[in-house]
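Below is protein38.cif, which holds mmCIF, C-alpha atoms and all ligand atoms.
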```
data_my_file
loop_
_atom_site.label_atom_id
_atom_site.label_comp_id
_atom_site.auth_asym_id
_atom_site.auth_seq_id
_atom_site.Cartn_x
_atom_site.Cartn_y
_atom_site.Cartn_z
CA MET U 49 6.33 -7.55 25.40
CA ASN U 50 3.15 -9.36 24.28
CA LYS U 51 3.28 -12.41 22.06
CA ALA U 52 2.78 -11.88 18.33
CA LYS U 53 3.07 -13.80 15.07
CA VAL U 54 4.99 -11.86 12.45
CA LEU U 55 5.17 -12.84 8.79
CA VAL U 56 8.28 -11.43 7.09
CA THR U 57 8.24 -11.90 3.32
CA GLY U 58 11.58 -11.90 1.51
CA GLY U 59 13.45 -12.76 4.71
CA ALA U 60 16.12 -14.65 2.77
CA GLY U 61 17.12 -11.48 0.91
CA PHE U 62 19.38 -8.62 1.94
CA ILE U 63 17.18 -6.28 4.00
CA GLY U 64 14.55 -8.86 4.99
CA GLY U 65 17.36 -11.16 6.15
CA ASN U 66 18.87 -8.47 8.35
CA PHE U 67 15.39 -7.64 9.67
CA VAL U 68 14.62 -11.29 10.55
CA GLN U 69 17.84 -11.54 12.57
CA TYR U 70 17.16 -8.22 14.28
CA MET U 71 13.60 -9.25 15.25
CA ILE U 72 14.56 -12.74 16.48
CA LYS U 73 17.03 -11.20 18.92
CA LYS U 74 14.97 -8.20 19.96
CA TYR U 75 11.59 -9.90 20.43
CA PRO U 76 11.97 -13.42 21.86
CA ASN U 77 8.20 -13.45 22.45
CA TYR U 78 7.43 -12.94 18.79
CA ASP U 79 7.26 -15.88 16.40
CA ILE U 80 9.02 -14.78 13.23
CA TYR U 81 7.97 -16.53 10.01
CA ASN U 82 10.34 -15.97 7.10
CA LEU U 83 8.43 -16.59 3.85
CA ASP U 84 10.64 -16.67 0.76
CA LYS U 85 10.55 -18.21 -2.70
CA LEU U 86 14.38 -18.38 -2.74
CA THR U 87 14.95 -16.73 -6.11
CA TYR U 88 18.52 -16.00 -7.22
CA ALA U 89 18.55 -13.28 -4.49
CA GLY U 90 17.34 -15.52 -1.68
CA ASP U 91 19.96 -17.22 0.46
CA LEU U 92 19.28 -19.12 3.64
CA SER U 93 22.89 -19.72 4.61
CA LYS U 94 22.88 -16.28 6.26
CA HIS U 95 20.45 -17.66 8.86
CA SER U 96 22.52 -20.65 9.96
CA GLU U 97 22.97 -19.13 13.42
CA ILE U 98 19.26 -18.59 14.08
CA LEU U 99 17.93 -21.86 12.61
CA GLU U 100 17.64 -23.43 16.03
CA GLU U 101 15.99 -20.42 17.69
CA HIS U 102 12.61 -21.32 19.17
CA ASN U 103 10.92 -18.33 17.51
CA TYR U 104 12.24 -18.72 13.90
CA PHE U 105 10.25 -20.49 11.17
CA PHE U 106 10.97 -20.73 7.45
CA VAL U 107 8.25 -21.12 4.82
CA ASN U 108 9.24 -21.72 1.21
CA LYS U 109 6.42 -20.11 -0.79
CA ASP U 110 5.82 -17.78 -3.72
CA ILE U 111 3.82 -14.65 -2.82
CA THR U 112 2.02 -14.83 -6.17
CA ASP U 113 0.55 -18.25 -5.33
CA THR U 114 -2.87 -17.20 -4.01
CA GLU U 115 -4.07 -20.56 -2.76
CA SER U 116 -0.90 -21.43 -0.92
CA ILE U 117 -0.69 -17.95 0.69
CA ASN U 118 -4.32 -18.10 1.79
CA ASN U 119 -3.80 -21.54 3.33
CA LEU U 120 -0.83 -20.25 5.27
CA PHE U 121 -2.76 -17.24 6.61
CA ASP U 122 -5.67 -19.50 7.49
CA ASN U 123 -3.37 -21.83 9.48
CA GLU U 124 -1.19 -19.27 11.21
CA LYS U 125 -3.38 -16.20 11.88
CA PHE U 126 -0.57 -13.65 11.67
CA ASP U 127 -0.71 -10.44 13.69
CA TYR U 128 1.75 -8.49 11.55
CA VAL U 129 2.95 -8.75 7.95
CA VAL U 130 6.23 -7.05 7.03
CA HIS U 131 6.49 -7.27 3.26
CA PHE U 132 9.98 -7.12 1.73
CA ALA U 133 9.69 -9.79 -0.98
CA ALA U 134 10.29 -8.24 -4.37
CA GLU U 135 12.43 -8.21 -7.43
CA SER U 136 14.79 -5.42 -6.43
CA HIS U 137 17.45 -4.75 -9.07
CA VAL U 138 16.89 -1.89 -11.54
CA ASP U 139 19.22 -3.35 -14.19
CA ARG U 140 17.31 -6.64 -14.17
CA SER U 141 14.04 -4.73 -14.55
CA ILE U 142 15.43 -3.14 -17.72
CA LEU U 143 16.40 -6.54 -19.11
CA GLU U 144 13.33 -8.49 -17.99
CA PRO U 145 10.44 -6.45 -16.58
CA ASP U 146 7.77 -9.20 -16.57
CA VAL U 147 8.79 -10.80 -13.30
CA PHE U 148 8.83 -7.37 -11.61
CA ILE U 149 5.20 -6.84 -12.57
CA LYS U 150 4.23 -10.28 -11.36
CA THR U 151 6.09 -10.37 -8.05
CA ASN U 152 5.98 -6.72 -7.03
CA ILE U 153 2.42 -5.90 -8.06
CA LEU U 154 0.46 -9.16 -8.18
CA GLY U 155 2.36 -10.68 -5.24
CA THR U 156 1.62 -7.63 -3.08
CA HIS U 157 -2.04 -7.87 -4.03
CA VAL U 158 -2.21 -11.53 -2.98
CA LEU U 159 -0.76 -10.60 0.43
CA LEU U 160 -3.12 -7.64 0.83
CA GLU U 161 -6.15 -9.81 0.11
CA ALA U 162 -5.01 -12.46 2.60
CA SER U 163 -4.23 -9.79 5.23
CA LYS U 164 -7.71 -8.31 4.79
CA LYS U 165 -9.42 -11.70 4.91
CA TYR U 166 -7.57 -12.84 8.04
CA ASN U 167 -7.69 -9.48 9.89
CA VAL U 168 -3.99 -8.74 10.13
CA LYS U 169 -3.33 -5.95 12.67
CA LYS U 170 -0.68 -4.23 10.56
CA PHE U 171 0.51 -4.60 6.97
CA MET U 172 3.93 -3.00 6.63
CA HIS U 173 4.90 -2.41 3.02
CA ILE U 174 8.62 -1.90 2.48
CA SER U 175 8.95 0.42 -0.48
CA THR U 176 11.63 2.67 -1.90
CA ASP U 177 12.38 6.34 -2.50
CA GLU U 178 12.71 5.42 -6.18
CA VAL U 179 8.90 5.69 -6.51
CA TYR U 180 9.38 9.48 -6.40
CA GLY U 181 11.51 9.38 -9.55
CA GLU U 182 14.61 11.57 -9.55
CA LEU U 183 15.80 14.87 -8.12
CA ASP U 184 18.14 17.24 -9.90
CA PHE U 185 21.56 18.08 -8.44
CA ASP U 186 20.34 21.02 -6.31
CA PRO U 187 21.44 19.86 -2.82
CA ASN U 188 18.53 21.68 -1.16
CA THR U 189 15.82 19.50 -2.71
CA PHE U 190 14.58 16.32 -1.01
CA PHE U 191 11.87 13.70 -1.34
CA THR U 192 9.12 14.18 1.24
CA GLU U 193 6.13 11.91 1.85
CA THR U 194 4.01 14.23 -0.31
CA SER U 195 6.38 14.38 -3.28
CA PRO U 196 4.65 13.24 -6.49
CA ILE U 197 4.93 9.57 -7.38
CA MET U 198 6.89 9.69 -10.67
CA PRO U 199 8.84 6.42 -11.08
CA ASN U 200 11.13 6.04 -14.08
CA SER U 201 12.25 2.40 -14.24
CA PRO U 202 10.21 -0.80 -14.54
CA TYR U 203 11.43 -1.62 -11.00
CA SER U 204 10.35 1.66 -9.44
CA SER U 205 7.07 1.76 -11.35
CA SER U 206 6.22 -1.75 -10.15
CA LYS U 207 6.98 -0.67 -6.56
CA ALA U 208 4.89 2.49 -7.02
CA SER U 209 2.00 0.38 -8.30
CA SER U 210 2.19 -1.82 -5.22
CA ASP U 211 2.29 1.28 -2.98
CA LEU U 212 -0.94 2.48 -4.57
CA LEU U 213 -2.60 -0.88 -3.96
CA VAL U 214 -1.54 -0.75 -0.30
CA ARG U 215 -3.01 2.73 -0.01
CA ALA U 216 -6.24 1.55 -1.61
CA TYR U 217 -6.60 -1.30 0.91
CA TYR U 218 -6.38 1.25 3.70
CA GLU U 219 -8.74 3.78 2.11
CA THR U 220 -11.29 1.29 0.82
CA PHE U 221 -11.21 -1.57 3.34
CA GLY U 222 -9.63 0.02 6.40
CA LEU U 223 -6.73 -2.48 6.44
CA PRO U 224 -4.18 -1.00 8.92
CA VAL U 225 -1.16 -0.32 6.72
CA ASN U 226 2.08 1.60 6.68
CA ILE U 227 4.36 2.26 3.75
CA THR U 228 8.05 2.98 4.30
CA ARG U 229 10.15 4.49 1.52
CA CYS U 230 13.83 4.08 2.20
CA SER U 231 16.90 5.32 0.39
CA ASN U 232 19.65 2.98 -0.86
CA ASN U 233 20.70 0.45 1.78
CA TYR U 234 24.15 -1.07 2.29
CA GLY U 235 25.69 -3.41 4.85
CA PRO U 236 26.15 -7.14 5.56
CA TYR U 237 24.61 -9.67 3.14
CA HIS U 238 24.08 -7.14 0.34
CA PHE U 239 23.85 -9.16 -2.87
CA PRO U 240 27.01 -8.55 -4.95
CA GLU U 241 25.21 -7.33 -8.08
CA LYS U 242 24.57 -3.95 -6.38
CA LEU U 243 27.08 -1.09 -6.48
CA ILE U 244 28.71 -1.30 -3.04
CA PRO U 245 29.15 -5.07 -2.60
CA GLN U 246 30.10 -5.43 -6.27
CA THR U 247 32.81 -2.79 -5.88
CA ILE U 248 34.20 -4.43 -2.74
CA SER U 249 34.23 -7.93 -4.22
CA LYS U 250 35.69 -6.86 -7.57
CA ALA U 251 38.35 -4.73 -5.88
CA LEU U 252 39.37 -7.66 -3.70
CA LYS U 253 39.70 -9.79 -6.85
CA ASN U 254 41.55 -6.96 -8.69
CA GLU U 255 38.82 -6.89 -11.36
CA ARG U 256 37.58 -3.85 -13.31
CA ILE U 257 34.77 -1.96 -11.54
CA PRO U 258 32.04 -0.73 -13.89
CA VAL U 259 30.82 2.82 -13.18
CA TYR U 260 27.86 3.88 -15.30
CA GLY U 261 28.22 7.13 -17.27
CA LYS U 262 30.56 9.53 -15.49
CA GLY U 263 29.73 8.32 -11.98
CA GLU U 264 28.00 11.63 -11.19
CA ASN U 265 24.65 10.15 -10.11
CA ILE U 266 23.88 10.59 -6.43
CA ARG U 267 22.41 8.08 -3.99
CA ASP U 268 21.53 8.64 -0.30
CA TRP U 269 23.04 5.67 1.57
CA LEU U 270 21.57 4.15 4.73
CA HIS U 271 23.08 1.29 6.73
CA VAL U 272 20.70 -1.67 6.72
CA SER U 273 20.69 -1.91 10.55
CA ASP U 274 19.37 1.66 10.73
CA HIS U 275 16.66 0.69 8.25
CA CYS U 276 15.69 -2.22 10.55
CA THR U 277 15.26 0.05 13.60
CA ALA U 278 13.10 2.42 11.54
CA ILE U 279 10.82 -0.41 10.35
CA ASP U 280 10.53 -1.73 13.92
CA LEU U 281 9.49 1.74 15.09
CA VAL U 282 6.88 2.20 12.36
CA LEU U 283 5.53 -1.32 12.96
CA HIS U 284 4.86 -0.49 16.60
CA LYS U 285 4.26 3.27 16.55
CA GLY U 286 3.32 4.20 12.98
CA GLU U 287 0.00 5.90 12.41
CA ASP U 288 -2.31 3.66 10.35
CA GLY U 289 -2.40 4.65 6.68
CA SER U 290 0.78 6.73 6.94
CA VAL U 291 3.84 6.81 4.71
CA TYR U 292 7.31 7.27 6.27
CA ASN U 293 10.43 8.20 4.31
CA ILE U 294 13.64 6.76 5.76
CA GLY U 295 17.09 8.19 5.12
CA GLY U 296 20.02 9.66 7.00
CA HIS U 297 21.42 12.48 4.80
CA ASN U 298 24.33 10.50 3.40
CA GLU U 299 24.43 11.61 -0.20
CA LYS U 300 27.37 10.52 -2.32
CA THR U 301 28.09 10.39 -6.03
CA ASN U 302 28.70 6.86 -7.29
CA LEU U 303 32.27 7.80 -8.09
CA GLU U 304 32.82 8.99 -4.51
CA VAL U 305 31.47 5.66 -3.21
CA VAL U 306 33.80 3.64 -5.46
CA GLN U 307 36.81 5.85 -4.69
CA THR U 308 36.17 5.56 -0.93
CA ILE U 309 36.05 1.75 -1.10
CA LEU U 310 39.23 1.58 -3.19
CA LYS U 311 41.01 3.88 -0.75
CA VAL U 312 39.99 1.85 2.30
CA LEU U 313 41.12 -1.36 0.57
CA GLY U 314 44.37 0.24 -0.62
CA LYS U 315 43.52 -0.46 -4.28
CA SER U 316 44.29 1.65 -7.36
CA GLU U 317 41.65 3.85 -8.99
CA GLU U 318 42.86 2.37 -12.27
CA LEU U 319 40.45 -0.48 -11.55
CA ILE U 320 37.56 1.90 -12.35
CA GLU U 321 36.05 1.38 -15.80
CA PHE U 322 33.54 3.98 -17.02
CA VAL U 323 30.91 2.10 -19.06
CA SER U 324 27.79 3.10 -20.96
CA ASP U 325 25.10 4.67 -18.82
CA ARG U 326 22.06 2.85 -17.43
CA LEU U 327 18.92 3.50 -19.51
CA GLY U 328 16.72 6.10 -17.78
CA HIS U 329 19.35 6.48 -15.04
CA ASP U 330 17.85 8.56 -12.19
CA LYS U 331 20.16 11.47 -11.40
CA ARG U 332 19.77 11.86 -7.68
CA TYR U 333 17.84 10.49 -4.70
CA ALA U 334 17.77 12.28 -1.33
CA ILE U 335 15.38 11.81 1.59
CA ASP U 336 13.90 14.34 3.99
CA PRO U 337 13.57 12.15 7.13
CA THR U 338 11.77 14.74 9.32
CA LYS U 339 8.62 12.64 9.72
CA ILE U 340 10.32 9.41 10.86
CA GLU U 341 12.63 11.45 13.11
CA SER U 342 9.55 12.90 14.79
CA LEU U 343 8.63 9.32 15.83
CA GLY U 344 11.97 9.21 17.67
CA TRP U 345 14.21 7.49 15.06
CA LYS U 346 17.86 8.37 14.60
CA PRO U 347 20.40 6.44 12.52
CA VAL U 348 23.49 5.10 14.27
CA TYR U 349 25.80 5.07 11.23
CA ASP U 350 26.99 7.88 9.00
CA PHE U 351 28.44 6.79 5.66
CA ASP U 352 32.06 7.04 6.77
CA THR U 353 31.63 4.65 9.71
CA GLY U 354 29.09 2.42 7.96
CA ILE U 355 31.25 1.81 4.90
CA ILE U 356 34.24 0.79 7.04
CA GLN U 357 32.06 -1.66 9.01
CA THR U 358 30.67 -3.03 5.74
CA ILE U 359 34.05 -3.47 4.07
CA GLN U 360 35.29 -5.22 7.20
CA TRP U 361 32.27 -7.54 7.05
CA TYR U 362 32.99 -8.44 3.41
CA LEU U 363 36.62 -9.14 4.30
CA GLU U 364 35.54 -11.46 7.10
CA ASN U 365 32.81 -13.18 5.09
CA GLU U 366 34.54 -13.82 1.78
CA GLU U 367 33.16 -17.34 1.60
CA TRP U 368 29.58 -15.99 1.58
CA TRP U 369 29.98 -13.64 -1.37
CA ARG U 370 32.32 -15.91 -3.32
CA GLN U 371 29.77 -18.77 -3.36
CA ILE U 372 27.18 -16.31 -4.73
CA LEU U 373 29.55 -14.97 -7.38
CA ASN U 374 30.03 -18.50 -8.65
CA GLY U 375 26.50 -18.22 -10.10
CA GLU U 376 25.89 -17.14 -13.69
CA TYR U 377 23.99 -13.91 -12.99
CA GLN U 378 26.77 -11.57 -14.11
CA GLU U 379 26.55 -12.83 -17.69
CA ASN U 380 23.20 -11.06 -18.07
CA PHE U 381 24.71 -7.61 -17.66
CA LYS U 382 27.80 -7.86 -19.78
CA GLN U 383 26.05 -7.07 -23.03
CA LEU U 384 24.00 -4.21 -21.58
CA TYR U 385 27.03 -2.33 -20.29
CA ASN U 386 29.61 -3.44 -22.87
CA LEU U 387 31.62 -5.24 -20.22
CA GLU U 388 34.46 -7.60 -21.08
P1 LIG C 1 16.63 -8.70 -2.35
O1 LIG C 1 16.54 -8.79 -3.83
O2 LIG C 1 17.97 -8.84 -1.69
O3 LIG C 1 15.69 -9.79 -1.67
C1 LIG C 1 14.41 -10.06 -2.15
C2 LIG C 1 13.93 -11.37 -1.51
O4 LIG C 1 12.58 -11.60 -1.96
C3 LIG C 1 14.75 -12.59 -1.91
O5 LIG C 1 15.05 -13.38 -0.78
C4 LIG C 1 13.84 -13.36 -2.87
O6 LIG C 1 14.05 -14.77 -2.86
C5 LIG C 1 12.47 -12.98 -2.33
N1 LIG C 1 11.42 -13.11 -3.38
C6 LIG C 1 11.47 -12.61 -4.64
N2 LIG C 1 10.33 -12.96 -5.31
C7 LIG C 1 9.57 -13.66 -4.42
C8 LIG C 1 8.30 -14.27 -4.52
N3 LIG C 1 7.58 -14.25 -5.67
N4 LIG C 1 7.79 -14.89 -3.43
C9 LIG C 1 8.50 -14.94 -2.27
N5 LIG C 1 9.73 -14.40 -2.13
C10 LIG C 1 10.26 -13.76 -3.20
O7 LIG C 1 15.95 -7.31 -1.98
P2 LIG C 1 16.34 -6.25 -0.85
O8 LIG C 1 17.41 -5.36 -1.37
O9 LIG C 1 16.51 -6.96 0.42
O10 LIG C 1 15.01 -5.39 -0.83
C11 LIG C 1 13.91 -5.78 0.01
C12 LIG C 1 12.78 -4.80 -0.16
O11 LIG C 1 13.21 -3.48 0.19
C13 LIG C 1 12.25 -4.70 -1.59
O12 LIG C 1 10.85 -4.61 -1.54
C14 LIG C 1 12.87 -3.42 -2.13
O13 LIG C 1 12.03 -2.82 -3.09
C15 LIG C 1 12.94 -2.57 -0.87
N6 LIG C 1 14.03 -1.57 -0.82
C16 LIG C 1 15.32 -1.94 -1.11
C17 LIG C 1 16.34 -0.98 -1.02
C18 LIG C 1 17.78 -1.35 -1.27
O14 LIG C 1 18.64 -0.45 -1.27
N7 LIG C 1 18.12 -2.60 -1.47
C19 LIG C 1 16.04 0.33 -0.67
C20 LIG C 1 14.71 0.66 -0.39
C21 LIG C 1 13.72 -0.31 -0.46
P1 LIG C 2 22.31 -0.03 -7.46
O1 LIG C 2 23.19 -0.56 -6.37
O2 LIG C 2 21.92 -0.94 -8.58
O3 LIG C 2 21.03 0.62 -6.76
P2 LIG C 2 19.87 1.57 -7.41
O4 LIG C 2 19.89 1.46 -8.88
O5 LIG C 2 18.63 0.97 -6.82
O6 LIG C 2 20.15 2.95 -6.90
O7 LIG C 2 23.05 1.23 -8.11
C1 LIG C 2 23.45 2.32 -7.32
C2 LIG C 2 24.03 3.35 -8.25
O8 LIG C 2 25.25 2.85 -8.80
C3 LIG C 2 23.14 3.68 -9.43
O9 LIG C 2 23.25 5.08 -9.72
C4 LIG C 2 23.73 2.86 -10.58
C5 LIG C 2 25.19 2.80 -10.23
N1 LIG C 2 25.92 1.58 -10.64
C6 LIG C 2 27.12 1.68 -11.35
O10 LIG C 2 27.60 2.78 -11.65
N2 LIG C 2 27.75 0.52 -11.69
C7 LIG C 2 27.27 -0.71 -11.38
O11 LIG C 2 27.88 -1.74 -11.74
C8 LIG C 2 26.03 -0.78 -10.65
C9 LIG C 2 25.44 -2.13 -10.30
C10 LIG C 2 25.39 0.38 -10.29
#
```
Can the structure in the file be given as structure tokens, please?
Ligand code: NAD
Ligand code: TYD
Amino acid sequence: MNKAKVLVTGGAGFIGGNFVQYMIKKYPNYDIYNLDKLTYAGDLSKHSEILEEHNYFFVNKDITDTESINNLFDNEKFDYVVHFAAESHVDRSILEPDVFIKTNILGTHVLLEASKKYNVKKFMHISTDEVYGELDFDPNTFFTETSPIMPNSPYSSSKASSDLLVRAYYETFGLPVNITRCSNNYGPYHFPEKLIPQTISKALKNERIPVYGKGENIRDWLHVSDHCTAIDLVLHKGEDGSVYNIGGHNEKTNLEVVQTILKVLGKSEELIEFVSDRLGHDKRYAIDPTKIESLGWKPVYDFDTGIIQTIQWYLENEEWWRQILNGEYQENFKQLYNLE
């Protein structure tokens, strides 16, 4: 494997963090630069075991800081950029959209400009299926790469805006880009404000588990390690300018997800608390993965095996999620969802 310098933005977050660890192990000849602002969602403790690796570097920067980003690109001459850094939580985007616009749109633009100026060989933009909006409950409908872009939340519309900028840099300037649009991820180091890790941690503490509306909304769950292999494949084999949807046909209602976790943990369903619905709550997401499968990708986990592995991980890493829960972030949501 040839040498390469890879800039991973958002590598202290959930998916970027898993991807950094995956790349460090898989490509010892690659230098992996983890650039992260360390917002509330950024946590470096997850990388304690790779800190000493010869090919791991951490850079504490904000992707919206043009001058600092340009200086970094000028010094390091990256071959690849894999761009995860974003504000990622829909509920936060409802409460406080401004930072989503700044980070997700302007930050992506700063990186695109630097990648163009310093001739990056591939700009991988990690996006989401949420840019397609919502599907109804007909199980035969799926998002494909040509589905219309119809985002509904400030989060998904900021991601859609950044996707369009990435496309424009390919069409206008010929910057080699790929966009991946993945379904909901779960697995180790998932920040405990999201449905699955929140349910596990609350169940273990015997706390009420908020389920929005009637819990009928459907998400298509993909284990984060399967997302990492898909990104790796697109980075090396993706056709320039192409979009790839990533998902493994693991659709579940939110209620099914919560019930499964409670069952595995041997906890009572009485912990479930139905609360007011999320504003503009997308009904259903479901991916048609035919295109990424045609590159040779296949997920390892189905939901049943992946959720057991994930619950086991949260049981073994209680210290990690407990130190995060000691923060104040939960206060923000109590009013929105009429929580105690
Ligand atoms: P996350 O919230 O766990 O992590 C985001 C990371 O970005 C954090 O480490 C944070 O410190 C960093 N960051 C935020 N603003 C920054 C800035 N201005 N400059 C530098 N770093 C900054 O997010 P995640 O769940 O790991 O998602 C990563 C990417 O994948 C996002 O782009 C998201 O839209 C996309 N995605 C997520 C999912 C999912 O289910 N979580 C699914 C599909 C796509
Ligand atoms: P989330 O993990 O926030 O991901 P996303 O909004 O990006 O899909 O939410 C997953 C689903 O779970 C979504 O339909 C909203 C729902 N949900 C709850 O019912 N209760 C909760 O406390 C949270 C955080 C989410």
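Closest approach to ligand LIG 1 (chain C) among U:Glu219, U:Glu364, U:Asp268, U:Asp127 is made by U:Asp268 (distances from all atoms listed in the file).
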From U:Gly64, U:Pro196, U:Gly295, U:Pro347, residue lying nearest ligand LIG 1 (chain C) [all atoms listed in the file]: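 Ranking U:Gly64, U:Pro196, U:Gly295, U:Pro347 by distance to ligand LIG 1 (chain C), first place goes to U:Gly64.
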Given all atoms listed in the file as the counted atoms, nearest of U:Leu310, U:Leu327, U:Ile227, U:Ile248 to U:Tyr260: U:Leu327
Hey, could you make a per-residue contact list for chain U against ligand LIG 2 (chain C) with 10 Å as the cut-off, showing the nearest pair of atoms and its distance in Å to one decimal, counting all atoms listed in the file, sorted by chain and number, as a tab-separated table?
```
residue	atom	partner	partner_atom	distance
U:Ser136	CA	C:LIG2	O5	7.5
U:His137	CA	C:LIG2	O2	5.9
U:Val138	CA	C:LIG2	O4	5.2
U:Asp139	CA	C:LIG2	O2	6.7
U:Arg140	CA	C:LIG2	O2	9.2
U:Thr176	CA	C:LIG2	O5	8.7
U:Asp177	CA	C:LIG2	O5	9.3
U:Glu178	CA	C:LIG2	O5	7.4
U:Ser201	CA	C:LIG2	O4	9.4
U:Tyr203	CA	C:LIG2	O5	8.7
U:Ser204	CA	C:LIG2	O5	8.7
U:Ser231	CA	C:LIG2	O6	8.3
U:Asn232	CA	C:LIG2	O6	6.1
U:Asn233	CA	C:LIG2	O3	8.5
U:Tyr234	CA	C:LIG2	O1	8.7
U:His238	CA	C:LIG2	O1	9.4
U:Phe239	CA	C:LIG2	O1	9.3
U:Pro240	CA	C:LIG2	C9	8.5
U:Glu241	CA	C:LIG2	C9	5.7
U:Lys242	CA	C:LIG2	O1	3.7
U:Leu243	CA	C:LIG2	O1	3.9
U:Ile244	CA	C:LIG2	O1	6.5
U:Pro245	CA	C:LIG2	O1	8.4
U:Gln246	CA	C:LIG2	O11	7.0
U:Thr247	CA	C:LIG2	O11	7.7
U:Ile257	CA	C:LIG2	O11	6.9
U:Pro258	CA	C:LIG2	O11	4.8
U:Val259	CA	C:LIG2	O10	3.6
U:Tyr260	CA	C:LIG2	O10	3.8
U:Gly261	CA	C:LIG2	O10	7.1
U:Lys262	CA	C:LIG2	O10	8.3
U:Gly263	CA	C:LIG2	O10	5.9
U:Glu264	CA	C:LIG2	O9	8.2
U:Asn265	CA	C:LIG2	O9	5.3
U:Ile266	CA	C:LIG2	O9	6.4
U:Arg267	CA	C:LIG2	O6	6.3
U:Asp268	CA	C:LIG2	O6	8.8
U:Trp269	CA	C:LIG2	O6	9.4
U:Lys300	CA	C:LIG2	C2	9.9
U:Thr301	CA	C:LIG2	O9	8.1
U:Asn302	CA	C:LIG2	O8	5.5
U:Leu303	CA	C:LIG2	O10	7.7
U:Val305	CA	C:LIG2	O8	8.8
U:Val306	CA	C:LIG2	O10	8.8
U:Ile320	CA	C:LIG2	N2	9.9
U:Glu321	CA	C:LIG2	N2	9.3
U:Phe322	CA	C:LIG2	O10	8.1
U:Val323	CA	C:LIG2	O10	8.1
U:Ser324	CA	C:LIG2	O10	9.3
U:Asp325	CA	C:LIG2	O10	7.8
U:Arg326	CA	C:LIG2	C4	7.1
U:His329	CA	C:LIG2	O9	6.7
U:Asp330	CA	C:LIG2	O9	6.9
U:Lys331	CA	C:LIG2	O9	7.3
U:Arg332	CA	C:LIG2	O9	7.9
U:Tyr333	CA	C:LIG2	O6	8.2
U:Phe381	CA	C:LIG2	O11	8.9
U:Tyr385	CA	C:LIG2	O11	8.6
U:Leu387	CA	C:LIG2	O11	9.9
```
Closest of U:Val54, U:Ile142, U:Leu313, U:Ile63 to U:Tyr81 - atom-to-atom distances counting only C-alpha atoms: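 Residue with the minimum atom-to-atom distance to U:Tyr81: U:Val54.
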Contacts of U:Ser210 at 10 Å (only C-alpha atoms; same-chain gap of 4+ positions) as a ChimeraX atom specification: /U:149,151-157,160,173,175,204-206,214-216
Nearby residues (only C-alpha atoms) at most 9 Å from U:Asn108, same-chain spacing under 2 positions excluded, as a PyMOL selection string: chain U and resi 82-86+106+110
Given all atoms listed in the file as the counted atoms, nearest of U:Lys285, U:His102, U:Lys169, U:Lys150 to U:Lys125: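 Closest to U:Lys125, using all atoms listed in the file: U:Lys169.
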Atom-to-atom span, atom CA of U:Leu55 and atom CA of U:Asn167, Å: 13.3 Å
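Closest approach to ligand LIG 1 (chain C) among U:Ile335, U:Leu270, U:Leu319, U:Leu99: U:Leu270, based on only C-alpha atoms and all ligand atoms.
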Starting from the incomplete input, reconstruct N, CA, C and O atoms of stretch 127-134 of chain U and write that as a PDB file, in the coordinates of the input.
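After the write, result.pdb holds the following:
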```pdb
ATOM      1  N   ASP U 127      -0.358 -11.765  13.179  1.00  0.00           N
ATOM      2  CA  ASP U 127      -0.710 -10.440  13.690  1.00  0.00           C
ATOM      3  C   ASP U 127      -0.177  -9.347  12.764  1.00  0.00           C
ATOM      4  O   ASP U 127      -0.867  -8.377  12.469  1.00  0.00           O
ATOM      5  N   TYR U 128       1.097  -9.508  12.380  1.00  0.00           N
ATOM      6  CA  TYR U 128       1.750  -8.490  11.550  1.00  0.00           C
ATOM      7  C   TYR U 128       2.304  -9.120  10.273  1.00  0.00           C
ATOM      8  O   TYR U 128       2.810 -10.242  10.318  1.00  0.00           O
ATOM      9  N   VAL U 129       2.251  -8.369   9.179  1.00  0.00           N
ATOM     10  CA  VAL U 129       2.950  -8.750   7.950  1.00  0.00           C
ATOM     11  C   VAL U 129       3.948  -7.647   7.638  1.00  0.00           C
ATOM     12  O   VAL U 129       3.578  -6.470   7.592  1.00  0.00           O
ATOM     13  N   VAL U 130       5.214  -8.027   7.454  1.00  0.00           N
ATOM     14  CA  VAL U 130       6.230  -7.050   7.030  1.00  0.00           C
ATOM     15  C   VAL U 130       6.723  -7.529   5.673  1.00  0.00           C
ATOM     16  O   VAL U 130       7.386  -8.559   5.558  1.00  0.00           O
ATOM     17  N   HIS U 131       6.377  -6.771   4.636  1.00  0.00           N
ATOM     18  CA  HIS U 131       6.490  -7.270   3.260  1.00  0.00           C
ATOM     19  C   HIS U 131       7.699  -6.678   2.527  1.00  0.00           C
ATOM     20  O   HIS U 131       7.671  -5.551   2.037  1.00  0.00           O
ATOM     21  N   PHE U 132       8.765  -7.505   2.469  1.00  0.00           N
ATOM     22  CA  PHE U 132       9.980  -7.120   1.730  1.00  0.00           C
ATOM     23  C   PHE U 132      10.057  -7.791   0.356  1.00  0.00           C
ATOM     24  O   PHE U 132      10.752  -7.290  -0.517  1.00  0.00           O
ATOM     25  N   ALA U 133       9.437  -8.974   0.215  1.00  0.00           N
ATOM     26  CA  ALA U 133       9.690  -9.790  -0.980  1.00  0.00           C
ATOM     27  C   ALA U 133       9.435  -9.002  -2.249  1.00  0.00           C
ATOM     28  O   ALA U 133       8.360  -8.434  -2.429  1.00  0.00           O
ATOM     29  N   ALA U 134      10.419  -8.989  -3.113  1.00  0.00           N
ATOM     30  CA  ALA U 134      10.290  -8.240  -4.370  1.00  0.00           C
ATOM     31  C   ALA U 134      11.449  -8.601  -5.273  1.00  0.00           C
ATOM     32  O   ALA U 134      12.460  -9.131  -4.826  1.00  0.00           O
TER      33      ALA U 134
END
```
